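**Student:** Quick one, data_21.cif (mmCIF, C-alpha atoms):
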```cif
data_query
#
loop_
_atom_site.label_atom_id
_atom_site.label_comp_id
_atom_site.auth_asym_id
_atom_site.auth_seq_id
_atom_site.Cartn_x
_atom_site.Cartn_y
_atom_site.Cartn_z
CA MET A 64 65.30 61.27 85.53
CA THR A 65 67.64 60.96 88.50
CA VAL A 66 70.64 60.46 86.20
CA GLY A 67 69.61 63.54 84.20
CA THR A 68 69.28 65.64 87.37
CA GLU A 69 72.67 64.49 88.58
CA THR A 70 74.24 65.28 85.21
CA MET A 71 72.69 68.75 85.30
CA LYS A 72 73.94 69.24 88.83
CA ALA A 73 77.49 68.19 87.85
CA LEU A 74 77.43 70.55 84.86
CA THR A 75 76.19 73.42 87.03
CA GLU A 76 78.91 72.78 89.62
CA ARG A 77 81.51 72.72 86.87
CA TRP A 78 80.42 75.96 85.17
CA LYS A 79 79.48 77.98 88.28
CA PRO A 80 83.04 79.26 89.02
CA ILE A 81 83.56 80.21 85.37
CA VAL A 82 80.27 82.10 85.17
CA LEU A 83 81.07 83.84 88.45
CA LEU A 84 84.53 84.80 87.17
CA LEU A 85 83.03 86.24 83.97
CA CYS A 86 80.53 88.26 86.00
CA LEU A 87 83.27 89.62 88.26
CA ILE A 88 85.49 90.50 85.28
CA LEU A 89 82.54 92.28 83.64
CA LEU A 90 81.87 94.21 86.85
CA ALA A 91 85.55 95.17 87.17
CA LEU A 92 85.62 96.35 83.53
CA LEU A 93 82.44 98.38 84.10
CA LEU A 94 84.07 100.03 87.14
CA THR A 95 87.23 100.76 85.11
CA THR A 96 85.18 102.21 82.23
CA PHE A 97 83.16 104.31 84.64
CA LYS A 98 86.29 105.61 86.31
CA THR A 99 88.31 106.35 83.17
CA ARG A 100 85.62 107.62 80.80
CA LEU A 101 82.64 108.90 82.73
CA ALA A 102 83.74 110.05 86.16
CA PRO A 103 87.51 110.51 86.54
CA GLN A 104 87.08 112.56 89.71
CA THR A 105 87.56 110.96 93.10
CA SER A 106 84.67 108.65 93.90
CA LEU A 107 82.89 108.29 97.19
CA LEU A 108 84.27 104.75 97.55
CA GLU A 109 87.87 106.01 97.42
CA GLN A 110 87.16 108.85 99.83
CA ALA A 111 85.47 106.43 102.22
CA ALA A 112 88.36 103.94 101.99
CA LEU A 113 90.91 106.68 102.69
CA SER A 114 88.88 107.95 105.66
CA VAL A 115 88.63 104.45 107.16
CA VAL A 116 92.16 103.12 106.64
CA MET A 117 94.28 106.24 107.05
CA PRO A 118 93.45 106.94 110.73
CA LEU A 119 94.81 103.45 111.52
CA GLN A 120 97.81 104.18 109.36
CA GLN A 121 98.34 107.49 111.10
CA ALA A 122 98.27 105.74 114.48
CA ILE A 123 100.87 103.22 113.30
CA ALA A 124 103.07 106.01 111.89
CA SER A 125 102.80 107.97 115.14
CA LEU A 126 103.74 104.91 117.21
CA ALA A 127 106.67 104.13 114.94
CA HIS A 128 107.93 107.73 115.21
CA ARG A 129 107.77 107.56 119.00
CA LEU A 130 109.63 104.26 119.13
CA SER A 131 112.19 105.62 116.70
CA GLY A 132 112.59 108.74 118.87
CA LEU A 133 113.03 106.60 121.97
CA TRP A 134 115.66 104.46 120.26
CA ASN A 135 117.60 107.39 118.80
CA GLY A 136 117.23 109.67 121.82
CA TYR A 137 117.90 107.29 124.69
CA ILE A 138 119.24 103.93 123.60
CA ASN A 139 121.39 104.37 120.49
CA LEU A 140 123.85 106.91 121.92
CA VAL A 141 127.10 105.46 120.60
CA HIS A 142 129.54 108.12 119.31
CA VAL A 143 127.20 110.93 120.45
CA ARG A 144 129.98 112.99 122.08
CA GLN A 145 132.25 113.02 119.01
CA GLU A 146 129.28 113.80 116.80
CA ASN A 147 128.31 116.63 119.16
CA LEU A 148 131.78 118.23 118.99
CA ARG A 149 131.86 117.91 115.22
CA LEU A 150 128.43 119.53 114.91
CA GLN A 151 129.40 122.41 117.20
CA ARG A 152 132.33 123.23 114.94
CA GLN A 153 130.09 122.99 111.90
CA VAL A 154 127.54 125.33 113.49
CA GLU A 155 130.20 127.99 114.03
CA VAL A 156 131.18 127.82 110.36
CA LEU A 157 127.57 127.89 109.20
CA GLN A 158 126.73 130.87 111.40
CA GLY A 159 129.35 132.83 109.55
CA ARG A 160 127.86 131.78 106.23
CA VAL A 161 124.33 132.63 107.35
CA ALA A 162 125.38 136.20 108.08
CA HIS A 163 126.89 136.45 104.59
CA TYR A 164 123.78 134.98 102.93
CA GLN A 165 121.48 137.22 104.90
CA GLU A 166 123.24 140.21 103.44
CA ALA A 167 122.94 138.72 99.94
CA TYR A 168 119.25 137.97 100.52
CA LEU A 169 118.54 141.55 101.60
CA GLN A 170 120.28 142.81 98.51
CA GLN A 171 118.26 140.44 96.34
CA GLN A 172 115.03 141.64 97.98
CA ARG A 173 115.90 145.20 97.09
CA LEU A 174 116.74 144.27 93.51
CA ARG A 175 113.48 142.35 93.15
CA GLU A 176 111.48 145.33 94.35
CA LEU A 177 113.31 147.50 91.86
CA LEU A 178 112.59 145.16 88.96
CA ASP A 179 109.01 144.42 90.15
CA PHE A 180 109.47 140.62 90.24
CA ARG A 181 107.11 138.37 92.15
CA THR A 182 108.88 136.49 94.93
CA LEU A 183 108.82 132.75 95.40
CA THR A 184 106.97 132.71 98.69
CA PHE A 185 104.02 130.66 99.78
CA PRO A 186 102.33 132.21 102.78
CA GLN A 187 99.50 129.66 102.49
CA ALA A 188 101.76 126.57 102.44
CA VAL A 189 100.40 123.70 104.53
CA VAL A 190 102.71 121.33 106.38
CA ALA A 191 101.64 117.70 106.14
CA GLU A 192 102.94 114.34 107.28
CA VAL A 193 103.31 111.31 105.02
CA ILE A 194 101.24 108.56 106.60
CA GLY A 195 100.76 106.00 103.87
CA ILE A 196 101.89 104.72 100.50
CA ASP A 197 99.97 103.38 97.54
CA PRO A 198 99.22 99.65 97.99
CA SER A 199 99.88 99.04 94.30
CA PRO A 200 103.53 98.08 93.71
CA TRP A 201 103.35 99.82 90.30
CA SER A 202 102.52 103.28 91.66
CA GLU A 203 104.71 105.90 93.31
CA VAL A 204 102.09 107.69 95.36
CA VAL A 205 101.94 108.67 99.02
CA THR A 206 99.11 109.76 101.31
CA ILE A 207 99.40 112.85 103.49
CA ASN A 208 97.34 113.77 106.54
CA LYS A 209 95.89 117.01 105.19
CA GLY A 210 92.90 117.27 102.86
CA SER A 211 90.21 119.54 101.49
CA ARG A 212 89.22 120.70 104.97
CA ASP A 213 92.77 122.10 105.41
CA GLY A 214 92.57 124.22 102.28
CA LEU A 215 94.12 121.73 99.87
CA ARG A 216 92.69 120.93 96.47
CA LYS A 217 93.62 118.83 93.45
CA ASP A 218 96.76 119.68 91.43
CA ILE A 219 98.68 121.52 94.12
CA ALA A 220 102.47 121.22 94.10
CA VAL A 221 103.99 119.40 97.06
CA ALA A 222 107.61 120.01 98.01
CA THR A 223 110.20 119.94 100.77
CA HIS A 224 113.07 122.33 101.42
CA GLN A 225 115.14 120.09 99.11
CA GLY A 226 112.85 120.41 96.12
CA LEU A 227 109.78 119.13 94.32
CA VAL A 228 108.00 116.02 95.61
CA GLY A 229 104.93 115.86 93.35
CA ARG A 230 101.33 117.07 93.15
CA THR A 231 98.04 116.22 94.82
CA ILE A 232 95.77 114.03 92.73
CA GLU A 233 92.99 112.82 95.00
CA MET A 234 91.31 114.52 97.92
CA ALA A 235 89.35 113.44 100.95
CA PRO A 236 88.25 115.79 103.76
CA HIS A 237 91.31 115.02 105.93
CA TYR A 238 93.66 113.19 103.57
CA ALA A 239 95.15 113.63 100.14
CA THR A 240 97.17 111.47 97.80
CA VAL A 241 100.32 112.88 96.21
CA LEU A 242 101.64 111.64 92.87
CA LEU A 243 105.43 111.60 93.19
CA VAL A 244 107.60 112.97 90.37
CA THR A 245 108.98 109.45 89.85
CA ASP A 246 105.56 107.96 89.04
CA ARG A 247 105.04 107.02 85.38
CA ARG A 248 101.96 109.31 85.22
CA SER A 249 103.84 112.40 86.42
CA ALA A 250 104.95 115.06 83.91
CA VAL A 251 106.56 118.38 84.84
CA ASP A 252 107.52 121.09 82.38
CA ALA A 253 111.16 121.77 83.17
CA LEU A 254 114.36 123.40 82.03
CA ILE A 255 118.09 123.04 82.58
CA GLN A 256 119.00 125.98 84.82
CA ARG A 257 122.44 126.55 83.23
CA THR A 258 121.52 126.53 79.55
CA ARG A 259 117.69 127.04 79.74
CA ALA A 260 117.13 123.98 77.52
CA ARG A 261 113.48 122.94 77.84
CA GLY A 262 111.98 119.51 78.27
CA ILE A 263 109.45 117.51 80.27
CA VAL A 264 110.43 115.54 83.38
CA VAL A 265 108.57 112.26 83.32
CA GLY A 266 108.57 109.64 86.05
CA LYS A 267 110.46 106.46 85.31
CA ALA A 268 109.77 104.54 88.57
CA ARG A 269 112.53 103.17 90.83
CA ARG A 270 112.98 106.72 92.18
CA LEU A 271 114.31 108.08 88.88
CA CYS A 272 112.97 110.52 86.31
CA GLU A 273 113.63 111.17 82.67
CA LEU A 274 113.89 114.53 80.93
CA ARG A 275 112.24 114.06 77.55
CA TYR A 276 111.95 116.10 74.38
CA VAL A 277 115.22 117.93 74.91
CA ASP A 278 116.58 119.11 71.60
CA LEU A 279 119.55 117.12 70.33
CA HIS A 280 121.60 120.34 69.95
CA ALA A 281 120.99 121.46 73.54
CA ASP A 282 124.00 121.57 75.86
CA ILE A 283 123.39 119.19 78.78
CA GLN A 284 125.96 117.81 81.19
CA VAL A 285 125.85 115.44 84.13
CA GLY A 286 125.33 117.49 87.27
CA ASP A 287 123.17 120.19 85.63
CA THR A 288 120.29 121.42 87.77
CA VAL A 289 116.74 120.87 86.51
CA VAL A 290 114.01 123.27 87.66
CA ALA A 291 110.31 123.77 86.94
CA THR A 292 109.31 126.36 84.34
CA GLY A 293 106.04 127.29 86.01
CA LEU A 294 103.98 126.49 82.90
CA GLY A 295 100.61 124.96 83.69
CA GLU A 296 100.44 126.89 86.98
CA VAL A 297 100.81 123.75 89.07
CA TYR A 298 104.52 123.75 89.84
CA PRO A 299 106.03 127.15 90.82
CA LYS A 300 108.67 128.56 88.52
CA GLY A 301 112.20 127.83 89.67
CA LEU A 302 111.28 124.96 91.99
CA LEU A 303 114.17 122.49 92.06
CA ILE A 304 113.32 119.10 90.54
CA GLY A 305 116.67 117.34 90.50
CA THR A 306 120.04 116.99 88.81
CA VAL A 307 121.06 115.34 85.57
CA ALA A 308 122.42 111.87 86.40
CA ALA A 309 123.16 110.58 82.89
CA VAL A 310 122.92 111.77 79.29
CA HIS A 311 122.59 109.27 76.46
CA GLN A 312 123.11 110.59 72.96
CA LYS A 313 121.82 108.34 70.24
CA PRO A 314 123.22 108.73 66.71
CA GLN A 315 119.67 108.85 65.31
CA GLY A 316 116.63 110.45 66.89
CA LEU A 317 115.50 113.98 67.60
CA PHE A 318 116.00 114.18 71.35
CA HIS A 319 118.50 113.44 74.11
CA GLU A 320 117.81 110.70 76.62
CA VAL A 321 118.45 112.33 79.97
CA GLU A 322 118.14 110.66 83.37
CA VAL A 323 117.31 112.96 86.26
CA GLN A 324 117.97 112.16 89.91
CA PRO A 325 115.26 113.85 92.04
CA ALA A 326 116.54 116.40 94.54
CA VAL A 327 114.33 114.99 97.27
CA ASP A 328 115.08 111.60 98.79
CA LEU A 329 111.63 110.11 98.18
CA ALA A 330 112.42 107.03 100.28
CA GLN A 331 112.78 109.19 103.41
CA LEU A 332 109.72 111.42 103.06
CA GLU A 333 108.21 112.31 106.41
CA GLU A 334 106.98 115.90 106.29
CA VAL A 335 106.10 117.82 103.16
CA LEU A 336 104.76 121.25 102.23
CA ALA A 337 101.65 121.56 100.12
CA LEU A 338 102.21 124.83 98.24
CA VAL A 339 98.71 126.25 98.27
CA PRO A 340 98.80 129.31 95.98
CA MET B 5 88.77 89.57 105.95
CA ALA B 6 90.96 90.34 108.98
CA ALA B 7 93.95 88.95 107.08
CA VAL B 8 93.11 91.20 104.11
CA LEU B 9 92.79 94.26 106.37
CA ILE B 10 96.12 93.56 108.10
CA ALA B 11 97.82 92.98 104.73
CA LEU B 12 96.33 96.24 103.46
CA LEU B 13 97.58 98.18 106.51
CA VAL B 14 101.06 96.70 106.18
CA GLN B 15 101.15 97.35 102.45
CA THR B 16 100.11 101.01 102.82
CA SER B 17 102.53 101.72 105.67
CA PRO B 18 105.56 103.74 104.49
CA LEU B 19 107.59 102.56 107.46
CA LEU B 20 107.32 98.85 107.13
CA PHE B 21 107.34 97.83 103.58
CA THR B 22 109.74 99.54 101.20
CA VAL B 23 112.42 97.03 100.37
CA GLY B 24 114.47 98.80 97.73
CA PRO B 25 114.30 101.74 95.32
CA GLY B 26 110.59 101.96 94.64
CA LEU B 27 110.13 98.24 95.19
CA ARG B 28 107.34 96.75 97.25
CA VAL B 29 105.70 93.36 97.53
CA ASP B 30 102.03 92.83 96.80
CA LEU B 31 101.18 91.22 100.13
CA LEU B 32 97.48 91.20 99.27
CA LEU B 33 98.25 88.96 96.31
CA VAL B 34 100.01 86.47 98.57
CA VAL B 35 96.94 86.41 100.85
CA VAL B 36 94.64 85.86 97.85
CA VAL B 37 96.84 82.98 96.68
CA TYR B 38 96.61 81.31 100.08
CA PHE B 39 92.82 81.47 100.21
CA SER B 40 92.56 80.37 96.57
CA LEU B 41 94.48 77.21 97.47
CA PHE B 42 92.46 76.34 100.56
CA TRP B 43 88.99 77.69 99.93
CA GLY B 44 86.26 76.77 97.45
CA GLY B 45 86.29 78.32 93.98
CA GLU B 46 83.46 80.82 94.43
CA ARG B 47 84.63 82.06 97.83
CA ALA B 48 88.16 82.56 96.56
CA LEU B 49 86.87 84.44 93.49
CA VAL B 50 84.75 86.80 95.58
CA LEU B 51 87.62 87.33 98.05
CA GLY B 52 90.00 88.11 95.20
CA PHE B 53 87.53 90.60 93.73
CA LEU B 54 86.87 92.35 97.04
CA THR B 55 90.58 92.43 97.95
CA GLY B 56 91.39 93.99 94.59
CA LEU B 57 88.58 96.49 95.00
CA CYS B 58 89.89 97.55 98.44
CA GLN B 59 93.35 97.92 96.93
CA ASP B 60 91.95 100.03 94.08
CA ALA B 61 89.98 102.23 96.48
CA LEU B 62 93.18 103.14 98.35
CA SER B 63 95.34 103.23 95.26
CA SER B 64 95.76 105.92 92.65
CA GLU B 65 95.37 103.24 89.98
CA VAL B 66 92.08 103.13 88.12
CA LEU B 67 89.17 101.50 89.93
CA GLY B 68 88.56 97.90 88.88
CA LEU B 69 92.12 97.16 87.75
CA SER B 70 93.24 95.18 90.80
CA ALA B 71 89.73 93.76 91.26
CA LEU B 72 89.92 92.19 87.82
CA SER B 73 93.51 90.99 88.09
CA LYS B 74 93.08 89.46 91.54
CA SER B 75 89.80 87.69 90.76
CA LEU B 76 91.38 86.23 87.62
CA THR B 77 94.45 85.22 89.64
CA ALA B 78 92.24 83.54 92.27
CA PHE B 79 90.42 81.60 89.54
CA VAL B 80 93.61 80.45 87.81
CA VAL B 81 95.33 79.43 91.05
CA HIS B 82 92.26 77.58 92.31
CA THR B 83 91.75 75.75 89.00
CA LEU B 84 95.40 74.71 88.72
CA SER B 85 95.59 73.60 92.34
CA ARG B 86 92.67 71.17 92.19
CA HIS B 87 94.86 68.19 91.38
CA VAL B 88 97.90 69.20 93.41
CA GLN B 89 98.88 68.62 97.02
CA VAL B 90 98.55 72.23 98.24
CA GLN B 91 99.73 71.53 101.80
CA SER B 92 103.28 71.38 100.48
CA LEU B 93 105.28 74.59 100.92
CA ILE B 94 106.90 74.18 97.52
CA ALA B 95 103.48 74.04 95.87
CA GLN B 96 102.40 77.21 97.68
CA VAL B 97 105.56 79.03 96.60
CA LEU B 98 105.15 77.88 92.97
CA PHE B 99 101.54 79.00 92.88
CA THR B 100 102.62 82.40 94.24
CA CYS B 101 105.00 82.67 91.29
CA VAL B 102 102.18 81.81 88.88
CA ALA B 103 99.93 84.32 90.64
CA VAL B 104 102.41 87.19 90.22
CA ALA B 105 102.68 86.38 86.50
CA VAL B 106 98.90 86.22 85.99
CA ASP B 107 98.32 89.37 88.04
CA THR B 108 100.96 91.36 86.12
CA LEU B 109 99.75 90.13 82.75
CA ALA B 110 96.10 90.89 83.52
CA ARG B 111 96.98 94.43 84.67
CA LEU B 112 99.09 94.98 81.56
CA VAL B 113 96.28 93.87 79.24
CA VAL B 114 93.72 96.14 80.94
CA MET B 115 96.13 99.09 80.87
CA VAL B 116 96.79 98.60 77.16
CA VAL B 117 93.07 98.21 76.37
CA PHE B 118 92.14 101.35 78.30
CA GLN B 119 95.22 103.24 76.99
CA LEU B 120 96.52 103.98 80.49
CA PRO B 121 100.14 105.12 80.98
CA LEU B 122 102.62 102.24 80.99
CA LEU B 123 106.13 101.84 82.31
CA ALA B 124 109.02 101.17 79.95
CA LEU B 125 109.22 97.47 79.08
CA SER B 126 112.66 97.00 80.62
CA ILE B 127 111.51 98.47 83.92
CA MET B 128 108.33 96.40 83.88
CA LEU B 129 110.27 93.19 83.29
CA SER B 130 112.86 93.88 85.97
CA THR B 131 110.15 94.92 88.43
CA PHE B 132 108.17 91.76 87.64
CA VAL B 133 111.23 89.57 88.27
CA GLN B 134 112.01 91.29 91.55
CA GLN B 135 108.34 91.17 92.61
CA THR B 136 108.31 87.43 91.93
CA LEU B 137 111.46 86.81 93.92
CA LEU B 138 110.26 88.87 96.89
CA SER B 139 106.84 87.20 96.82
CA LEU B 140 108.51 83.78 96.79
CA LEU B 141 110.49 84.77 99.87
CA LEU B 142 107.45 86.10 101.71
CA ALA B 143 104.93 83.45 100.66
CA PRO B 144 106.10 80.70 103.06
CA CYS B 145 105.91 83.07 106.07
CA VAL B 146 102.52 84.45 105.11
CA CYS B 147 101.06 81.01 104.31
CA TYR B 148 102.40 79.55 107.54
CA GLY B 149 101.03 82.48 109.54
CA LEU B 150 97.59 82.22 107.93
CA GLN B 151 97.52 78.45 108.35
CA SER B 152 98.32 78.77 112.06
CA ALA B 153 95.71 81.49 112.48
CA MET B 154 93.06 79.39 110.70
CA GLN B 155 93.88 76.31 112.80
CA HIS B 156 93.79 78.34 115.99
CA GLY B 157 90.44 79.76 114.96
CA ARG B 158 89.08 76.28 114.22
CA VAL B 159 90.28 74.95 117.59
CA ARG B 160 88.60 77.83 119.40
CA GLN B 161 85.42 77.25 117.42
CA ASP B 162 85.41 73.52 118.31
CA LYS B 163 85.96 74.30 121.97
CA GLY B 164 83.27 76.98 121.93
#
```
Just give me the structure of the file as structure tokens.
**Tutor:**
Amino acid sequence: MTVGTETMKALTERWKPIVLLLCLILLALLLTTFKTRLAPQTSLLEQAALSVVMPLQQAIASLAHRLSGLWNGYINLVHVRQENLRLQRQVEVLQGRVAHYQEAYLQQQRLRELLDFRTLTFPQAVVAEVIGIDPSPWSEVVTINKGSRDGLRKDIAVATHQGLVGRTIEMAPHYATVLLVTDRRSAVDALIQRTRARGIVVGKARRLCELRYVDLHADIQVGDTVVATGLGEVYPKGLLIGTVAAVHQKPQGLFHEVEVQPAVDLAQLEEVLALVP
Amino acid sequence: MAAVLIALLVQTSPLLFTVGPGLRVDLLLVVVVYFSLFWGGERALVLGFLTGLCQDALSSEVLGLSALSKSLTAFVVHTLSRHVQVQSLIAQVLFTCVAVAVDTLARLVVMVVFQLPLLALSIMLSTFVQQTLLSLLLAPCVCYGLQSAMQHGRVRQDKG
């Protein structure tokens, strides 16, 4: 009897981890099924996690900015004088250009009114700070410190003065996650500004994108500007996405293979604009 | 759990942890590997599951993906380490390498089964290789830090 009990105990000890693993895998698969098939919207768990972790992250980001400001403003002052003189000269040149562009802008405004075009302005744009990144090494997603309470909602374009950054995908009351254009799940309807050849900019990871489904007969060159078409009403028409970095033409196949370098330096994102329509 | 929370904070910080173009290390995986080597099987499994779930909650990836991959990784690492001298740094580094492979493979299988968007194979392979190398570099520091913290905690507990 004792031997039998001991054998049973040994068997139980041996199989317990495997049974536990199978239960955990089943639970994980149930969560994945629930999330992908039944309820793809943001869950309470994700909102709660964002609301708990991001304040800490925001505090760390704020501290790091202050230390960086202290270093750059007071300690690292080598070559400041030469840089200052160079910048003063540059400012004088740019002031001349600004006056010229102002005149051109006023003329453009008048022409737009004449032709009854809508202007590319976003009076409701919300400035936000990047305070976190996705913990998964396979995602290109950042977290910003503005959420639904600040007027943001899902599928809003996010940009900087340099160009398109991405779109909001998940919302919490005070935070939102932004899918970058370089993420594999990102897709933006785009065109080559010079030749108006159409395609879809898809994220390729490693801070690169790919312009797919461009007709083989389309004229594309390295250096061409790629902009959003405005289809889908997420990304505003004319918003700069990037420039063509490489064009690969295969002898067979229907489409070009075009690499696009994003206009925005996504490694240096600090402040962004959520373009609330 | 404090180690998991600190690893999560470091991993989600944009200032501290971007090594190269779009490349980051899965620090949470390194922490899971450590506890899988030094804890009992069930505890390591539950820790792996909860760590993955926390990662999924903060990630844009589908919920349950990291929970599954990390609990499977914890199980594999714990099972393989039962007859190995885990105090050795080389063993810890080798198990980290195995863990990255198991984690990546598990995620890939789930993504294929659920028809989720995948990266191009060449990018996945190169990212996997670079992830492995970076994890191997970080693993000794993380394991040493955790070991010291655990020993310090035990000493304080004995004194208390």
**Student:** In Å to one decimal, how far is CA of Arg269 (chain A) from CA of Arg230 (chain A)?
**Tutor:**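 Between CA of Arg230 (chain A) and CA of Arg269 (chain A) the gap is 18.0 Å.
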**Student:** Quick one: apply the PyMOL selection byres ((chain B) within 9 of (chain A)) to the file and drop the selected residues here as a ChimeraX atom specification.
**Tutor:** /B:9,12-19,22,24-32,45-46,49-50,53,57-73,75-76,79,114,118,120-124,127-128,131,135
**Student:** When distances are computed from only C-alpha atoms, which of B:Val97, B:Trp43, B:Ala78, B:Val8 shows the smallest separation from Leu141 (chain B)?
**Tutor:** B:Val97
**Student:** Using only C-alpha atoms, pick whichever of A:Ile263, A:Leu317, A:Leu148, A:Leu227 has the shortest atom-to-atom distance to Leu279 (chain A).
**Tutor:**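 Looking at the shortest contact to Leu279 (chain A), the residue is A:Leu317.
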**Student:** Between CA of Ala7 (chain B) and CA of Arg158 (chain B), what distance in Å does the model show, to one decimal?
**Tutor:**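 Taking CA of Ala7 (chain B) as the start and CA of Arg158 (chain B) as the end point, the length is 15.3 Å.
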